[in-house]
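Right, one structure below, let's go through it.
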Amino acid sequence: MKQWISLIIIIVYVVTVQAQYPININKKYKLIDPSGKELTTVTYDKILPFSEDLAAVELNGKWGFIDPTGTVAIPVQYEKCFSFKHGLALVRQEGLYGYINKEGMVVIPIQYDAAWHFGDNNLASARQDGQWGYLDARGKVVVPFEYDFVRAFTGPVAVVGKKNKVGLIDATGKLVMPIFCDKIGDFSEGLVPVSRNEQGGYIGLDGKLKVSMIYHETTAFSEGLAAVRLNKKWGYVNKEGRELIDFNYEKAGPFINGVARVMKDGKWLWIDKGDQAVLTTTYDLLGEQVEGLAQVHKNGKVGFINSKGAEIIPLIYDMCVTPNVSEGLVAVRKDKKWGYVNTKGKAITAFEYDKAENFKNGLARVLKGDQWGYLDVNGVVIYWE
């Protein structure tokens, strides 16, 4: 019985804390619930999105945190607060940085010149006396403060640098690749793009070269292939360094859902991994895929296609607010009025708005007449300014 009660409490709590919305009215922020009820009694200068059930807020130049009910959870007292990541939040006080827990206790002293969030490997970069290293969640120095600059870990490795050269370390601080390269890209699919003297290739996590450093530009691997440039043309290589798609393109993007966006003779097209054109229709504009759809233009009309080239959102609209889908929805204009459609092409609102913005954190701002409101993902205006 106690287990059932605990489960019910957890479910009620989850339902209660989800979908709280920070809204911006004349550069001041309030928190509302899904019904449009105001939860904060204070109007803040800024409210950041909720992360781990707390949101950073700014009031009169000081920062703290509120919970999903709008109640102050950590007093507004810091020069700057950042969102919680893995149970800790980065804060600044008197120009120095440290970390607090959700109870507001300082768990890593506020003593660093600069610092950044904890990543998935529970390490955070910090700078002391002008040199960078990495801390664990207890504040222990895992990687000594000996680097001129560092980047956050991407996967199991991080870029570190001295003077104008860079190398790679693992989570123990061990050098995976010595500091001798000019540039290092992001880890993806087991490989890291590296370049030296304007020639690039790829190394593995063992520090060994997997793809020869012969290319003039490299990109991250995606779906087993990476776009690389040789002289002025782009092609694709696999993880063994085999050139599977010839260097025929002026520009080339990553493979997404089995197709890549490339430019040939000044026009964008999609190719599959066999270097075959995917689309049978020619468009005036062909966008990148976001959330499974890409914007296309033809004869002055706007629509969206999927990776197979099927028109999911028909080409009947005059304009789109941005090139991409946002949180599963997109604002489009028809007959001089704005509305929203979902990724199946279904309109979730009437076309009745004079202006419309992208969805962000579950809400989109819309203008009707001279009044701005906030629209939820169901197409309901839950709050009018």
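In the structure tokens, chains take the letters A, B, ... in the order shown, each chain's residues start at 1, and ligands count up from 1 in the order shown.
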Any idea what's packed within 6 Å of Leu39 (chain A), counting only C-alpha atoms, ignoring anything in its chain fewer than 3 positions away? Could you give it as a PDB file with C-alpha atoms, in the first residue's frame?
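Produced file result-v7.pdb, reproduced below:
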ATOM      1  CA  LEU A  31       5.894  32.407 -14.625  1.00  0.00           C
ATOM      2  CA  ILE A  32       2.541  30.995 -15.689  1.00  0.00           C
ATOM      3  CA  GLY A  70       7.099  30.144  -8.503  1.00  0.00           C
TER       4      GLY A  70
END
Could you list, as a ChimeraX atom specification, every residue within 10 Å of Gly266 (chain A), counting only C-alpha atoms and ignoring same-chain residues fewer than 2 positions away? /A:249-251,262-264,268-269
Spatial neighbours of Phe359 (chain A), max dist 9 Å, only C-alpha atoms, sep filter under 4 positions, as a ChimeraX atom specification: /A:325-331,363-365,375-377
As a count of residues only, please: the residues near region 214-230 of chain A (cut-off 6 Å, only C-alpha atoms, same-chain neighbours under 5 positions excluded). 10
Close residues, Ser212 (chain A) itself excluded, 9 Å, only C-alpha atoms, min 3 positions apart in chain, as a ChimeraX atom specification: /A:200-203,209,215,241
Using only C-alpha atoms, the best pick from A:Gly362, A:Ala350, A:Leu279, A:Lys233 as closest to Phe50 (chain A) would be A:Gly362
May I ask which of the residues A:Asp335, A:Glu103, A:Asp53, A:Asp272 is the closest one to Asp67 (chain A), counting only C-alpha atoms? A:Asp53
Neighbour list for Lys337 (chain A) as a PyMOL selection string, cut-off 8 Å, only C-alpha atoms, skip fewer than 2 positions in-chain: chain A and resi 333-335+339+351-355
Tell me which protein, DNA and RNA residues are within 9 Å of region 303-307 of chain A, counting only C-alpha atoms, leaving out same-chain ones fewer than 5 positions away, and put them as number ranges by chain. A: 256-259, 270, 278, 287, 289, 292-298, 312-317, 319-320, 332, 343, 345
How would the residues just picked look written out with C-alpha atoms as a PDB file, in the first residue's frame?
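To be explicit, this is the file written out as out-v3.pdb:
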ATOM      1  CA  ILE A 256      20.427  12.689 -41.974  1.00  0.00           C
ATOM      2  CA  ASN A 257      17.850   9.921 -42.352  1.00  0.00           C
ATOM      3  CA  GLY A 258      19.882   8.412 -45.175  1.00  0.00           C
ATOM      4  CA  VAL A 259      20.265  11.537 -47.332  1.00  0.00           C
ATOM      5  CA  TRP A 270      19.773  15.504 -51.942  1.00  0.00           C
ATOM      6  CA  VAL A 278      16.831  11.377 -54.181  1.00  0.00           C
ATOM      7  CA  GLY A 287      16.572  23.569 -46.840  1.00  0.00           C
ATOM      8  CA  GLN A 289      16.358  18.652 -42.360  1.00  0.00           C
ATOM      9  CA  GLY A 292      12.658  15.075 -39.981  1.00  0.00           C
ATOM     10  CA  LEU A 293      11.481  17.820 -42.350  1.00  0.00           C
ATOM     11  CA  ALA A 294      13.142  20.294 -44.729  1.00  0.00           C
ATOM     12  CA  GLN A 295      11.669  23.532 -46.023  1.00  0.00           C
ATOM     13  CA  VAL A 296      11.242  23.840 -49.809  1.00  0.00           C
ATOM     14  CA  HIS A 297      10.202  26.731 -52.069  1.00  0.00           C
ATOM     15  CA  LYS A 298       8.682  26.581 -55.538  1.00  0.00           C
ATOM     16  CA  ILE A 312       4.306  16.490 -45.807  1.00  0.00           C
ATOM     17  CA  ILE A 313       3.390  20.154 -45.443  1.00  0.00           C
ATOM     18  CA  PRO A 314       2.039  21.133 -48.880  1.00  0.00           C
ATOM     19  CA  LEU A 315       3.437  24.017 -50.902  1.00  0.00           C
ATOM     20  CA  ILE A 316       0.477  26.307 -50.341  1.00  0.00           C
ATOM     21  CA  TYR A 317       1.912  28.835 -47.894  1.00  0.00           C
ATOM     22  CA  MET A 319       5.932  32.411 -45.916  1.00  0.00           C
ATOM     23  CA  CYS A 320       7.476  30.548 -42.980  1.00  0.00           C
ATOM     24  CA  VAL A 332       3.310  29.634 -41.748  1.00  0.00           C
ATOM     25  CA  THR A 343       4.941  17.836 -38.757  1.00  0.00           C
ATOM     26  CA  GLY A 345       0.874  18.942 -42.173  1.00  0.00           C
TER      27      GLY A 345
END
Just asking: which residues within region 243-378 of chain A are strand (DSSP E) according to DSSP, as a PyMOL selection string? chain A and resi 243-249+251-256+259-264+267-271+285-290+293-298+301-305+311-317+319-320+329-334+337-342+355-356+363-368+371-376
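Coordinates place CA of Gly61 (chain A) at a distance of 20.3 Å from CA of Val106 (chain A).
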